[in-house]
file coords18.csv (CSV, C-alpha atoms)
chain,number,residue,atom,x,y,z
A,1,MET,CA,5.2,-57.7,-21.6
A,2,ILE,CA,8.7,-57.0,-20.2
A,3,GLN,CA,9.1,-56.4,-16.5
A,4,ILE,CA,12.4,-55.6,-14.9
A,5,SER,CA,12.4,-55.2,-11.1
A,6,ASN,CA,15.3,-54.3,-8.8
A,7,LEU,CA,17.8,-55.4,-11.3
A,8,ASN,CA,21.4,-55.4,-10.0
A,9,PHE,CA,24.2,-56.2,-12.4
A,10,SER,CA,27.9,-55.6,-12.6
A,11,TYR,CA,30.8,-57.0,-14.6
A,12,ASN,CA,33.2,-55.8,-11.9
A,13,SER,CA,32.1,-56.0,-8.2
A,14,ARG,CA,33.6,-52.7,-7.4
A,15,LYS,CA,31.7,-50.9,-10.2
A,16,PRO,CA,28.1,-51.9,-10.3
A,17,LEU,CA,26.4,-51.1,-13.6
A,18,PHE,CA,22.8,-51.3,-12.5
A,19,LYS,CA,21.5,-50.6,-9.0
A,20,ASN,CA,17.9,-51.7,-8.4
A,21,LEU,CA,16.9,-50.8,-11.9
A,22,ASN,CA,13.2,-50.9,-12.7
A,23,LEU,CA,11.5,-50.8,-16.1
A,24,SER,CA,8.3,-51.9,-17.6
A,25,LEU,CA,7.7,-52.3,-21.4
A,26,LYS,CA,4.4,-52.9,-23.2
A,27,ALA,CA,3.5,-54.4,-26.5
A,28,GLY,CA,2.4,-52.0,-29.3
A,29,HIS,CA,5.3,-49.5,-28.7
A,30,ILE,CA,8.7,-48.6,-30.1
A,31,TYR,CA,11.0,-47.7,-27.2
A,32,GLY,CA,14.2,-45.7,-27.8
A,33,LEU,CA,16.9,-46.5,-25.3
A,34,LEU,CA,19.5,-43.8,-24.9
A,35,GLY,CA,22.6,-43.6,-22.7
A,36,LYS,CA,26.2,-42.5,-22.6
A,37,ASN,CA,29.0,-44.8,-23.7
A,38,GLY,CA,29.5,-47.4,-21.0
A,39,ALA,CA,26.2,-46.6,-19.3
A,40,GLY,CA,25.1,-50.2,-20.0
A,41,LYS,CA,22.6,-50.0,-22.8
A,42,SER,CA,23.8,-53.2,-24.5
A,43,THR,CA,24.1,-55.0,-21.1
A,44,LEU,CA,20.5,-54.0,-20.3
A,45,LEU,CA,19.4,-55.4,-23.6
A,46,LYS,CA,21.3,-58.6,-23.0
A,47,ASN,CA,19.7,-59.0,-19.6
A,48,ILE,CA,16.3,-58.6,-21.3
A,49,ALA,CA,17.3,-61.2,-23.9
A,50,GLY,CA,18.7,-63.7,-21.4
A,51,LEU,CA,22.2,-63.2,-22.7
A,52,ALA,CA,23.4,-61.8,-19.3
A,53,PHE,CA,22.0,-62.8,-16.0
A,54,PRO,CA,20.9,-60.5,-13.2
A,55,GLN,CA,22.9,-60.7,-9.9
A,56,SER,CA,19.7,-60.0,-8.1
A,57,GLY,CA,16.3,-58.9,-9.1
A,58,HIS,CA,14.7,-60.2,-12.2
A,59,CYS,CA,13.8,-59.6,-15.8
A,60,LEU,CA,10.5,-61.2,-16.9
A,61,ILE,CA,9.1,-61.6,-20.4
A,62,ASN,CA,5.4,-62.4,-20.3
A,63,GLY,CA,5.9,-63.5,-16.7
A,64,THR,CA,8.8,-65.9,-17.3
A,65,LYS,CA,12.4,-65.1,-16.3
A,66,SER,CA,14.4,-64.6,-19.5
A,67,SER,CA,17.5,-65.9,-17.7
A,68,LYS,CA,15.8,-69.4,-17.7
A,69,ARG,CA,16.3,-69.3,-21.5
A,70,LEU,CA,13.2,-71.4,-22.1
A,71,VAL,CA,12.5,-72.3,-25.7
A,72,SER,CA,9.1,-70.7,-25.4
A,73,THR,CA,10.7,-67.4,-24.6
A,74,LEU,CA,13.6,-67.6,-27.0
A,75,GLN,CA,11.5,-68.5,-30.0
A,76,ASP,CA,9.4,-65.4,-29.5
A,77,LEU,CA,12.4,-63.0,-29.1
A,78,TYR,CA,15.0,-61.7,-31.5
A,79,PHE,CA,18.0,-59.7,-30.6
A,80,ILE,CA,20.0,-57.9,-33.3
A,81,ALA,CA,23.4,-57.2,-31.8
A,82,GLU,CA,25.4,-54.1,-32.6
A,83,GLU,CA,28.3,-56.1,-34.1
A,84,VAL,CA,27.0,-58.8,-36.4
A,85,HIS,CA,28.9,-62.0,-37.0
A,86,VAL,CA,27.8,-64.0,-40.1
A,87,PRO,CA,28.6,-67.5,-41.2
A,88,ALA,CA,29.8,-68.4,-44.7
A,89,LEU,CA,26.3,-68.9,-46.0
A,90,THR,CA,24.0,-67.1,-48.4
A,91,PRO,CA,20.9,-65.5,-46.9
A,92,GLY,CA,18.9,-68.3,-48.5
A,93,GLN,CA,21.0,-71.0,-46.8
A,94,PHE,CA,20.9,-69.1,-43.5
A,95,LEU,CA,17.1,-69.1,-43.8
A,96,ALA,CA,17.0,-72.8,-44.4
A,97,ARG,CA,19.0,-73.6,-41.3
A,98,THR,CA,17.8,-71.0,-38.8
A,99,ALA,CA,14.3,-69.9,-39.6
A,100,SER,CA,12.7,-73.0,-38.1
A,101,PHE,CA,13.7,-71.9,-34.6
A,102,TYR,CA,11.0,-69.2,-35.0
A,103,PRO,CA,7.5,-70.6,-35.4
A,104,ALA,CA,6.1,-67.2,-36.7
A,105,PHE,CA,8.9,-66.8,-39.3
A,106,SER,CA,7.6,-65.5,-42.6
A,107,ILE,CA,9.7,-66.5,-45.6
A,108,THR,CA,7.8,-64.2,-47.9
A,109,ASP,CA,8.5,-61.2,-45.5
A,110,PHE,CA,12.2,-62.2,-45.4
A,111,TYR,CA,12.7,-62.1,-49.2
A,112,SER,CA,10.7,-58.9,-49.5
A,113,TYR,CA,12.8,-57.2,-46.8
A,114,LEU,CA,16.0,-58.4,-48.5
A,115,LYS,CA,14.7,-56.9,-51.7
A,116,ILE,CA,13.7,-53.6,-50.1
A,117,LEU,CA,17.2,-53.4,-48.4
A,118,ASP,CA,18.9,-54.3,-51.7
A,119,ILE,CA,20.5,-57.5,-50.5
A,120,ASP,CA,21.3,-60.4,-52.9
A,121,PRO,CA,19.8,-63.6,-51.4
A,122,ASP,CA,22.4,-65.7,-53.2
A,123,LEU,CA,25.5,-63.9,-52.1
A,124,LEU,CA,27.7,-65.4,-49.4
A,125,MET,CA,27.3,-63.2,-46.4
A,126,THR,CA,31.0,-63.3,-45.7
A,127,ARG,CA,31.5,-61.6,-49.1
A,128,MET,CA,29.1,-58.8,-48.1
A,129,SER,CA,30.1,-55.4,-46.7
A,130,TYR,CA,29.5,-54.7,-43.0
A,131,GLY,CA,26.4,-52.6,-43.8
A,132,GLN,CA,25.0,-55.4,-46.1
A,133,GLN,CA,25.6,-58.0,-43.4
A,134,LYS,CA,23.8,-55.8,-40.9
A,135,LYS,CA,20.9,-55.3,-43.3
A,136,MET,CA,20.7,-59.0,-43.9
A,137,ILE,CA,20.4,-59.6,-40.1
A,138,ILE,CA,17.8,-56.9,-39.8
A,139,ALA,CA,15.7,-58.5,-42.6
A,140,PHE,CA,16.0,-61.8,-40.8
A,141,GLY,CA,15.1,-60.4,-37.4
A,142,LEU,CA,12.1,-58.6,-38.7
A,143,ALA,CA,10.9,-61.7,-40.5
A,144,THR,CA,11.0,-63.8,-37.4
A,145,ASN,CA,7.8,-61.9,-36.3
A,146,THR,CA,8.7,-62.4,-32.7
A,147,SER,CA,6.8,-60.4,-30.1
A,148,VAL,CA,10.0,-59.0,-28.6
A,149,LEU,CA,12.4,-57.4,-31.1
A,150,ILE,CA,15.6,-55.8,-29.7
A,151,LEU,CA,17.9,-53.8,-31.9
A,152,ASP,CA,21.2,-52.5,-30.6
A,153,GLU,CA,22.4,-49.6,-32.6
A,154,PRO,CA,20.7,-50.8,-35.8
A,155,THR,CA,21.4,-47.8,-38.0
A,156,ASN,CA,25.2,-47.9,-37.4
A,157,GLY,CA,26.8,-48.8,-40.7
A,158,LEU,CA,23.7,-48.2,-42.8
A,159,ASP,CA,23.9,-45.8,-45.7
A,160,ILE,CA,21.4,-42.9,-46.2
A,161,PRO,CA,18.9,-44.8,-48.4
A,162,SER,CA,19.0,-47.8,-46.1
A,163,LYS,CA,18.2,-45.6,-43.1
A,164,VAL,CA,15.0,-44.4,-44.9
A,165,GLN,CA,14.1,-48.0,-45.7
A,166,PHE,CA,14.9,-49.1,-42.2
A,167,ARG,CA,12.5,-46.5,-40.8
A,168,LYS,CA,9.8,-47.6,-43.2
A,169,LEU,CA,10.3,-51.2,-42.3
A,170,ILE,CA,10.1,-50.6,-38.5
A,171,ALA,CA,7.0,-48.5,-39.0
A,172,SER,CA,5.5,-51.4,-41.0
A,173,VAL,CA,6.2,-54.2,-38.5
A,174,LEU,CA,4.9,-52.6,-35.3
A,175,ASN,CA,1.6,-54.1,-34.2
A,176,ASP,CA,-0.4,-54.4,-31.0
A,177,GLU,CA,1.4,-57.7,-30.1
A,178,ARG,CA,4.9,-56.5,-30.7
A,179,CYS,CA,7.3,-54.7,-28.5
A,180,ILE,CA,10.3,-53.1,-30.2
A,181,ILE,CA,13.3,-51.8,-28.3
A,182,ILE,CA,15.9,-49.8,-30.1
A,183,SER,CA,19.1,-48.5,-28.5
A,184,THR,CA,20.8,-45.7,-30.4
A,185,HIS,CA,23.2,-42.8,-30.4
A,186,GLN,CA,21.8,-41.6,-33.8
A,187,VAL,CA,18.7,-39.9,-32.3
A,188,ARG,CA,18.0,-38.0,-35.5
A,189,ASP,CA,17.6,-41.3,-37.4
A,190,LEU,CA,14.8,-42.4,-35.2
A,191,ASP,CA,13.1,-39.4,-33.5
A,192,SER,CA,9.7,-39.7,-35.2
A,193,LEU,CA,9.7,-43.4,-35.0
A,194,ILE,CA,10.0,-44.1,-31.3
A,195,ASP,CA,7.0,-43.3,-29.1
A,196,THR,CA,8.6,-43.7,-25.7
A,197,VAL,CA,12.0,-42.5,-24.6
A,198,LEU,CA,14.1,-44.4,-22.1
A,199,ILE,CA,17.3,-42.8,-20.8
A,200,LEU,CA,19.8,-44.9,-18.9
A,201,ASP,CA,22.1,-43.0,-16.6
A,202,ASP,CA,23.6,-43.3,-13.2
A,203,HIS,CA,22.9,-47.1,-12.8
A,204,ARG,CA,19.1,-46.7,-13.4
A,205,ILE,CA,16.5,-45.6,-15.9
A,206,VAL,CA,16.1,-41.8,-15.3
A,207,ILE,CA,13.6,-41.0,-18.1
A,208,GLU,CA,10.8,-43.4,-19.0
A,209,ASN,CA,8.2,-41.2,-20.8
A,210,SER,CA,6.1,-41.1,-23.9
A,211,ILE,CA,7.0,-38.4,-26.4
A,212,ASP,CA,3.5,-37.1,-26.1
A,213,GLU,CA,3.9,-36.7,-22.4
A,214,LEU,CA,7.3,-35.1,-22.8
A,215,THR,CA,6.1,-32.5,-25.3
A,216,GLU,CA,3.1,-31.8,-23.1
A,217,LYS,CA,5.1,-31.1,-20.0
A,218,LEU,CA,8.2,-29.6,-21.5
A,219,PHE,CA,8.8,-26.9,-24.1
A,220,PHE,CA,12.0,-26.9,-26.1
A,221,GLY,CA,13.1,-23.7,-27.7
A,222,ILE,CA,15.6,-20.8,-28.2
A,223,PHE,CA,15.0,-18.0,-25.8
A,224,LYS,CA,16.4,-14.5,-25.6
A,225,GLU,CA,15.0,-14.0,-22.1
A,226,LEU,CA,14.3,-16.7,-19.6
A,227,THR,CA,13.1,-14.8,-16.5
A,228,GLY,CA,9.8,-15.8,-15.1
A,229,MET,CA,10.0,-19.2,-16.7
A,230,ASN,CA,10.6,-22.4,-14.9
A,231,VAL,CA,13.9,-23.3,-16.6
A,232,LEU,CA,14.8,-27.0,-16.4
A,233,TYR,CA,17.9,-27.0,-18.5
A,234,GLU,CA,19.7,-24.5,-20.7
A,235,GLU,CA,22.6,-24.3,-23.1
A,236,GLU,CA,24.3,-21.2,-24.3
A,237,THR,CA,24.1,-20.7,-28.1
A,238,LEU,CA,25.0,-17.8,-30.4
A,239,VAL,CA,21.4,-16.9,-31.0
A,240,GLY,CA,20.2,-17.2,-27.4
A,241,LYS,CA,19.6,-19.7,-24.7
A,242,TYR,CA,18.5,-23.1,-26.0
A,243,ALA,CA,16.4,-24.3,-23.1
A,244,ILE,CA,13.9,-26.8,-21.8
A,245,VAL,CA,11.3,-25.0,-19.8
A,246,GLN,CA,8.2,-26.3,-18.0
A,247,ASN,CA,5.3,-26.1,-20.5
A,248,THR,CA,2.7,-24.0,-18.9
A,249,THR,CA,1.0,-22.6,-22.0
A,250,GLY,CA,0.1,-25.8,-23.8
A,251,LYS,CA,2.2,-24.7,-26.8
A,252,TYR,CA,4.0,-27.3,-28.9
A,253,GLY,CA,7.7,-27.3,-29.4
A,254,LYS,CA,9.3,-30.2,-31.2
A,255,MET,CA,11.2,-32.3,-28.7
A,256,ASP,CA,15.0,-32.3,-29.2
A,257,LEU,CA,16.2,-35.7,-28.0
A,258,GLU,CA,19.8,-34.5,-27.9
A,259,LEU,CA,18.9,-31.6,-25.6
A,260,LEU,CA,16.7,-33.9,-23.4
A,261,PHE,CA,19.6,-36.4,-23.3
A,262,ASN,CA,22.1,-33.7,-22.1
A,263,ALA,CA,19.6,-32.5,-19.6
A,264,ALA,CA,18.9,-35.9,-18.2
A,265,THR,CA,22.5,-37.0,-18.0
A,266,THR,CA,23.9,-33.9,-16.3
A,267,ASN,CA,22.0,-34.7,-13.2
A,268,SER,CA,19.3,-32.2,-13.8
A,269,SER,CA,17.1,-33.0,-10.8
A,270,LYS,CA,14.8,-30.1,-11.8
A,271,LEU,CA,14.0,-31.8,-15.1
A,272,LEU,CA,13.4,-35.2,-13.4
A,273,ASN,CA,11.1,-33.6,-10.8
A,274,ALA,CA,9.1,-31.8,-13.5
A,275,LEU,CA,8.4,-35.2,-15.1
A,276,LYS,CA,8.0,-37.2,-11.9
A,277,PRO,CA,4.4,-36.8,-10.6
A,278,SER,CA,2.9,-38.7,-13.5
A,279,THR,CA,5.6,-41.1,-14.5
A,280,ASN,CA,3.6,-43.9,-12.9
A,281,HIS,CA,0.1,-42.9,-13.8
A,282,GLU,CA,-1.6,-44.9,-16.5
B,1,MET,CA,6.9,-35.0,-45.9
B,2,GLU,CA,9.0,-32.5,-43.9
B,3,PHE,CA,7.5,-31.8,-40.5
B,4,LYS,CA,7.5,-28.4,-38.9
B,5,ASP,CA,8.9,-27.9,-35.4
B,6,ASN,CA,6.1,-25.8,-34.0
B,7,GLU,CA,3.1,-28.2,-34.3
B,8,ALA,CA,2.6,-31.7,-33.0
B,9,ILE,CA,3.3,-34.3,-35.7
B,10,TYR,CA,-0.1,-35.9,-35.3
B,11,LEU,CA,-1.8,-32.6,-36.0
B,12,GLN,CA,0.5,-32.1,-39.1
B,13,ILE,CA,-0.6,-35.5,-40.4
B,14,ALA,CA,-4.2,-34.6,-39.7
B,15,ALA,CA,-3.7,-31.3,-41.6
B,16,PHE,CA,-2.1,-33.3,-44.5
B,17,VAL,CA,-5.2,-35.5,-44.7
B,18,SER,CA,-7.5,-32.5,-44.5
B,19,ASP,CA,-5.5,-30.8,-47.4
B,20,GLN,CA,-6.1,-33.8,-49.6
B,21,ILE,CA,-9.8,-33.5,-48.9
B,22,LEU,CA,-9.9,-29.8,-49.5
B,23,MET,CA,-8.0,-30.1,-52.8
B,24,GLY,CA,-10.6,-32.7,-53.9
B,25,LYS,CA,-8.0,-35.5,-54.2
B,26,TRP,CA,-9.9,-37.5,-51.6
B,27,PRO,CA,-13.6,-36.9,-52.1
B,28,GLY,CA,-16.4,-38.1,-49.8
B,29,GLY,CA,-16.6,-41.9,-49.6
B,30,GLN,CA,-13.0,-42.3,-50.6
B,31,LYS,CA,-10.9,-44.8,-48.6
B,32,ILE,CA,-7.9,-43.3,-47.1
B,33,PRO,CA,-4.5,-45.0,-46.5
B,34,SER,CA,-4.4,-47.4,-43.6
B,35,VAL,CA,-2.6,-46.5,-40.4
B,36,ARG,CA,0.2,-48.8,-41.4
B,37,ASP,CA,0.6,-47.5,-45.0
B,38,MET,CA,0.5,-43.9,-43.8
B,39,ALA,CA,3.2,-44.7,-41.1
B,40,ILE,CA,5.4,-46.3,-43.7
B,41,GLU,CA,5.0,-43.5,-46.2
B,42,LEU,CA,5.8,-40.8,-43.6
B,43,GLU,CA,8.4,-42.9,-41.7
B,44,VAL,CA,6.6,-42.3,-38.4
B,45,ASN,CA,5.4,-44.4,-35.5
B,46,PRO,CA,2.0,-46.0,-36.4
B,47,ASN,CA,0.7,-44.8,-33.0
B,48,THR,CA,1.2,-41.2,-34.1
B,49,VAL,CA,-0.9,-41.8,-37.3
B,50,MET,CA,-3.5,-43.6,-35.1
B,51,ARG,CA,-3.7,-40.5,-33.0
B,52,SER,CA,-4.2,-38.3,-36.1
B,53,TYR,CA,-7.0,-40.5,-37.4
B,54,GLU,CA,-8.7,-40.6,-34.0
B,55,PHE,CA,-8.5,-36.8,-34.0
B,56,LEU,CA,-10.1,-36.7,-37.5
B,57,GLN,CA,-12.7,-39.2,-36.5
B,58,GLY,CA,-13.6,-37.1,-33.5
B,59,LEU,CA,-14.3,-34.2,-35.9
B,60,GLU,CA,-16.3,-36.6,-38.0
B,61,ILE,CA,-14.2,-35.8,-41.0
B,62,ILE,CA,-13.4,-39.5,-41.5
B,63,TYR,CA,-15.1,-42.6,-40.3
B,64,ASN,CA,-14.4,-46.2,-39.7
B,65,LYS,CA,-16.1,-49.0,-41.6
B,66,ARG,CA,-15.5,-52.1,-39.5
B,67,GLY,CA,-13.1,-54.4,-41.2
B,68,LEU,CA,-12.9,-52.2,-44.3
B,69,GLY,CA,-10.9,-49.3,-43.2
B,70,LEU,CA,-11.2,-45.6,-42.9
B,71,PHE,CA,-13.2,-43.4,-45.3
B,72,VAL,CA,-13.8,-39.7,-45.9
B,73,ALA,CA,-17.2,-38.7,-44.6
B,74,ASP,CA,-19.7,-37.6,-47.3
B,75,ASP,CA,-19.7,-34.2,-45.8
B,76,GLY,CA,-15.9,-34.4,-45.1
B,77,PHE,CA,-15.1,-31.4,-47.3
B,78,ASP,CA,-17.6,-29.1,-45.5
B,79,LYS,CA,-16.4,-30.4,-42.1
B,80,VAL,CA,-12.8,-29.6,-42.9
B,81,LYS,CA,-13.7,-26.3,-44.3
B,82,ALA,CA,-15.8,-25.4,-41.2
B,83,TYR,CA,-13.0,-26.6,-38.9
B,84,ARG,CA,-10.3,-24.6,-40.7
B,85,LYS,CA,-12.5,-21.5,-40.8
B,86,GLU,CA,-13.0,-21.7,-37.1
B,87,ASN,CA,-9.3,-22.1,-36.6
B,88,PHE,CA,-8.6,-19.1,-38.8
B,89,VAL,CA,-11.0,-16.9,-36.9
B,90,ARG,CA,-9.6,-18.0,-33.6
B,91,GLN,CA,-5.9,-18.0,-34.4
B,92,ASN,CA,-4.9,-16.2,-37.5
B,93,LEU,CA,-7.5,-13.4,-37.6
B,94,PRO,CA,-6.4,-11.8,-34.2
B,95,GLU,CA,-2.8,-11.8,-35.4
B,96,LEU,CA,-3.9,-10.1,-38.7
B,97,PHE,CA,-6.0,-7.6,-36.9
B,98,LYS,CA,-3.1,-6.8,-34.5
B,99,ASN,CA,-0.8,-6.1,-37.5
B,100,MET,CA,-3.4,-4.0,-39.3
B,101,TYR,CA,-3.9,-2.0,-36.1
B,102,LEU,CA,-0.2,-1.5,-35.5
B,103,LEU,CA,0.5,-0.6,-39.1
B,104,GLY,CA,-2.6,1.5,-39.6
B,105,ILE,CA,-4.0,-0.6,-42.5
B,106,SER,CA,-7.7,0.0,-43.2
B,107,ILE,CA,-10.2,-2.7,-44.0
B,108,ASP,CA,-10.8,-1.1,-47.4
B,109,GLU,CA,-7.2,-1.4,-48.3
B,110,ILE,CA,-7.2,-5.1,-47.4
B,111,SER,CA,-10.5,-5.5,-49.3
B,112,LEU,CA,-8.9,-4.1,-52.4
B,113,GLN,CA,-5.9,-6.4,-52.1
B,114,TYR,CA,-8.1,-9.3,-51.6
B,115,GLN,CA,-10.1,-8.6,-54.7
B,116,HIS,CA,-6.8,-8.6,-56.7
B,117,PHE,CA,-5.9,-11.8,-55.1
B,118,GLN,CA,-9.3,-13.4,-56.0
B,119,ALA,CA,-9.0,-12.3,-59.6
B,120,GLN,CA,-5.5,-13.7,-59.8
B,121,GLN,CA,-6.6,-17.0,-58.4
B,122,ASN,CA,-9.5,-17.3,-60.8
B,123,ASN,CA,-7.2,-16.5,-63.7
B,124,GLU,CA,-4.8,-19.2,-62.7
B,125,LEU,CA,-7.7,-21.7,-62.4
B,126,ASN,CA,-9.0,-20.8,-65.8
B,127,GLN,CA,-5.5,-21.1,-67.3
B,128,ALA,CA,-5.1,-24.5,-65.7
B,129,SER,CA,-8.4,-25.8,-67.0
B,130,ASN,CA,-7.6,-24.4,-70.5
B,131,ASP,CA,-4.3,-26.2,-70.5
B,132,GLU,CA,-6.0,-29.4,-69.5
B,133,ASN,CA,-8.6,-29.0,-72.4
B,134,LYS,CA,-5.8,-28.5,-74.9
B,135,GLN,CA,-4.2,-31.8,-73.9

call {"tool": "encode", "arguments": {"input": "coords18.csv", "output": "structure tokens"}}
result
Amino acid sequence: MIQISNLNFSYNSRKPLFKNLNLSLKAGHIYGLLGKNGAGKSTLLKNIAGLAFPQSGHCLINGTKSSKRLVSTLQDLYFIAEEVHVPALTPGQFLARTASFYPAFSITDFYSYLKILDIDPDLLMTRMSYGQQKKMIIAFGLATNTSVLILDEPTNGLDIPSKVQFRKLIASVLNDERCIIISTHQVRDLDSLIDTVLILDDHRIVIENSIDELTEKLFFGIFKELTGMNVLYEEETLVGKYAIVQNTTGKYGKMDLELLFNAATTNSSKLLNALKPSTNHE
Amino acid sequence: MEFKDNEAIYLQIAAFVSDQILMGKWPGGQKIPSVRDMAIELEVNPNTVMRSYEFLQGLEIIYNKRGLGLFVADDGFDKVKAYRKENFVRQNLPELFKNMYLLGISIDEISLQYQHFQAQQNNELNQASNDENKQ
């Protein structure tokens, strides 16, 4: 559905952000995009959405370059930015002016999402709190029913009950035709929701694996003794070594996205090698 | 539902469905929640629930009626029981034996304890049904 090949991009010619970045995303999945501050998560999402243009290489959505910004592409894509800016309209007025850009928009869904997220459809959005504005935009974005849905840090600013509702809503809108990409730092908010982990580091995508594959190949746990094991990454803790080891026994250990993230972004070539052989197999 | 850290989530969801069947909440022929509804309820990726349901279909505990949804097999209860029993014999029993061996516990001792346990369970069951009758 989304194909990025040899993407090069920089805001400043001396500091390239992406160097020959490749990534392929399919419908029917929820991708979790992780990366350090400044690694370029939002910029990558903007390149996908046609809000930033590759210097070389390309980003295709269903075979069409998103940088062309064709109506047929844009009407089937919704991008929820991290910082939302809302006009002085009520959600109902916003709907009346904006929904028609999206042919698959469902008015019924929109009002039901607003209700679930506890947003008053008749309140001026400029009178809403930041979290409420964000929830309003999430409700709108989900109701567009576009095949590509991009969410940049969606849970920032959401209160605890809203995060639960958010997870339920995302679980409810995924279908075989839809590709959902969520960038986040709040990994614990989303770890049973995403099925594929993307880690952006060092100008490229270093991890692009399904969670099933990761837990099959890796074992996460606390160890007193690590000798004899193929240790891919370890951190010292009070109760022992918290480590990622190669999974040779077929046992299951819940994946810790934070540990995986630390491992992947501290240039752990061992980890990347352990995952490599089958990153391309399908 | 709180997930444990030592078992794949799809297996824990499959175990949850099996528990409902064993407890008689979902008898044979009963429709079970759709993939989507279950994913919403548990706040997990629908693909994970799909994997659980495929796993249970593989064991013939549930089956798919085209266009209608997923249903508990008529012999779902027996299938779950057989599968759990097999798991118990393979996984839990060796562990139990090892502890019995290490601690020098005889099978007679265990048998006595088990009789107590059975009696207790039966009492509780009777109590519960009496309470229900009163209401």

call {"tool": "interface_residues", "arguments": {"input": "coords18.csv", "of": "chain A", "to": "chain B", "cutoff": "10 Å", "atoms": "only C-alpha atoms", "output": "ChimeraX atom specification"}}
result
/A:28-30,164-176,190-195,212,215-216,220-221,251-256

call {"tool": "residues_around", "arguments": {"input": "coords18.csv", "residues": "Phe71 in chain B", "least_positions_apart": "4", "cutoff": "6 Å", "atoms": "all atoms listed in the file", "output": "tab-separated table (two decimals) with C-alpha atoms, in the coordinates of the input"}}
result
chain	number	residue	atom	x	y	z
B	29	GLY	CA	-16.60	-41.90	-49.60
B	30	GLN	CA	-13.00	-42.30	-50.60
B	31	LYS	CA	-10.90	-44.80	-48.60
B	32	ILE	CA	-7.90	-43.30	-47.10
B	62	ILE	CA	-13.40	-39.50	-41.50
B	63	TYR	CA	-15.10	-42.60	-40.30

call {"tool": "closest_residue", "arguments": {"input": "coords18.csv", "among": "A:Thr155, A:Glu235, A:Gln75, A:Ile207", "to": "Ser269 in chain A", "atoms": "all atoms listed in the file"}}
result
A:Ile207

call {"tool": "atom_distance", "arguments": {"input": "coords18.csv", "atom1": "CA of Ile137 in chain A", "atom2": "CA of Ser10 in chain A"}}
result
28.8 Å

call {"tool": "atom_distance", "arguments": {"input": "coords18.csv", "atom1": "CA of Tyr102 in chain A", "atom2": "CA of Thr144 in chain A"}}
result
5.9 Å

call {"tool": "residues_around", "arguments": {"input": "coords18.csv", "residues": "range 3-8 of chain A", "least_positions_apart": "2", "cutoff": "9 Å", "atoms": "only C-alpha atoms", "output": "number ranges by chain"}}
result
A: 1, 10, 16-26, 48, 54-63, 203

call {"tool": "write_last_selection", "arguments": {"input": "coords18.csv", "atoms": "C-alpha atoms", "output": "tab-separated table (two decimals), keeping the file's coordinate frame"}}
result
chain	number	residue	atom	x	y	z
A	1	MET	CA	5.20	-57.70	-21.60
A	10	SER	CA	27.90	-55.60	-12.60
A	16	PRO	CA	28.10	-51.90	-10.30
A	17	LEU	CA	26.40	-51.10	-13.60
A	18	PHE	CA	22.80	-51.30	-12.50
A	19	LYS	CA	21.50	-50.60	-9.00
A	20	ASN	CA	17.90	-51.70	-8.40
A	21	LEU	CA	16.90	-50.80	-11.90
A	22	ASN	CA	13.20	-50.90	-12.70
A	23	LEU	CA	11.50	-50.80	-16.10
A	24	SER	CA	8.30	-51.90	-17.60
A	25	LEU	CA	7.70	-52.30	-21.40
A	26	LYS	CA	4.40	-52.90	-23.20
A	48	ILE	CA	16.30	-58.60	-21.30
A	54	PRO	CA	20.90	-60.50	-13.20
A	55	GLN	CA	22.90	-60.70	-9.90
A	56	SER	CA	19.70	-60.00	-8.10
A	57	GLY	CA	16.30	-58.90	-9.10
A	58	HIS	CA	14.70	-60.20	-12.20
A	59	CYS	CA	13.80	-59.60	-15.80
A	60	LEU	CA	10.50	-61.20	-16.90
A	61	ILE	CA	9.10	-61.60	-20.40
A	62	ASN	CA	5.40	-62.40	-20.30
A	63	GLY	CA	5.90	-63.50	-16.70
A	203	HIS	CA	22.90	-47.10	-12.80

call {"tool": "residues_around", "arguments": {"input": "coords18.csv", "residues": "Asn37 in chain A", "least_positions_apart": "4", "cutoff": "10 Å", "atoms": "all atoms listed in the file", "output": "VMD selection string"}}
result
chain A and resid 41 to 42 185

call {"tool": "atom_distance", "arguments": {"input": "coords18.csv", "atom1": "CA of Leu125 in chain B", "atom2": "CA of Lys25 in chain B"}}
result
16.1 Å

call {"tool": "residues_around", "arguments": {"input": "coords18.csv", "residues": "Ile119 in chain A", "least_positions_apart": "5", "cutoff": "9 Å", "atoms": "all atoms listed in the file", "output": "PyMOL selection string"}}
result
chain A and resi 91+113-114+132-133+135-136

call {"tool": "build_atoms", "arguments": {"input": "coords18.csv", "residues": "range 66-71 of chain A", "atoms": "N, CA and C atoms", "output": "mmCIF file, in the frame of the given file"}}
result
data_model
loop_
_atom_site.group_PDB
_atom_site.id
_atom_site.type_symbol
_atom_site.label_atom_id
_atom_site.label_comp_id
_atom_site.auth_asym_id
_atom_site.auth_seq_id
_atom_site.Cartn_x
_atom_site.Cartn_y
_atom_site.Cartn_z
ATOM 1 N N SER A 66 13.690 -64.336 -18.191
ATOM 2 C CA SER A 66 14.400 -64.600 -19.500
ATOM 3 C C SER A 66 15.704 -65.327 -19.204
ATOM 4 N N SER A 67 16.240 -65.247 -17.969
ATOM 5 C CA SER A 67 17.500 -65.900 -17.700
ATOM 6 C C SER A 67 17.325 -67.467 -17.694
ATOM 7 N N LYS A 68 16.066 -67.948 -17.630
ATOM 8 C CA LYS A 68 15.800 -69.400 -17.700
ATOM 9 C C LYS A 68 16.079 -69.892 -19.160
ATOM 10 N N ARG A 69 16.048 -68.968 -20.099
ATOM 11 C CA ARG A 69 16.300 -69.300 -21.500
ATOM 12 C C ARG A 69 15.383 -70.426 -21.997
ATOM 13 N N LEU A 70 14.098 -70.354 -21.656
ATOM 14 C CA LEU A 70 13.200 -71.400 -22.100
ATOM 15 C C LEU A 70 12.942 -71.235 -23.620
ATOM 16 N N VAL A 71 12.722 -72.356 -24.272
ATOM 17 C CA VAL A 71 12.500 -72.300 -25.700
ATOM 18 C C VAL A 71 11.283 -71.419 -26.023
#
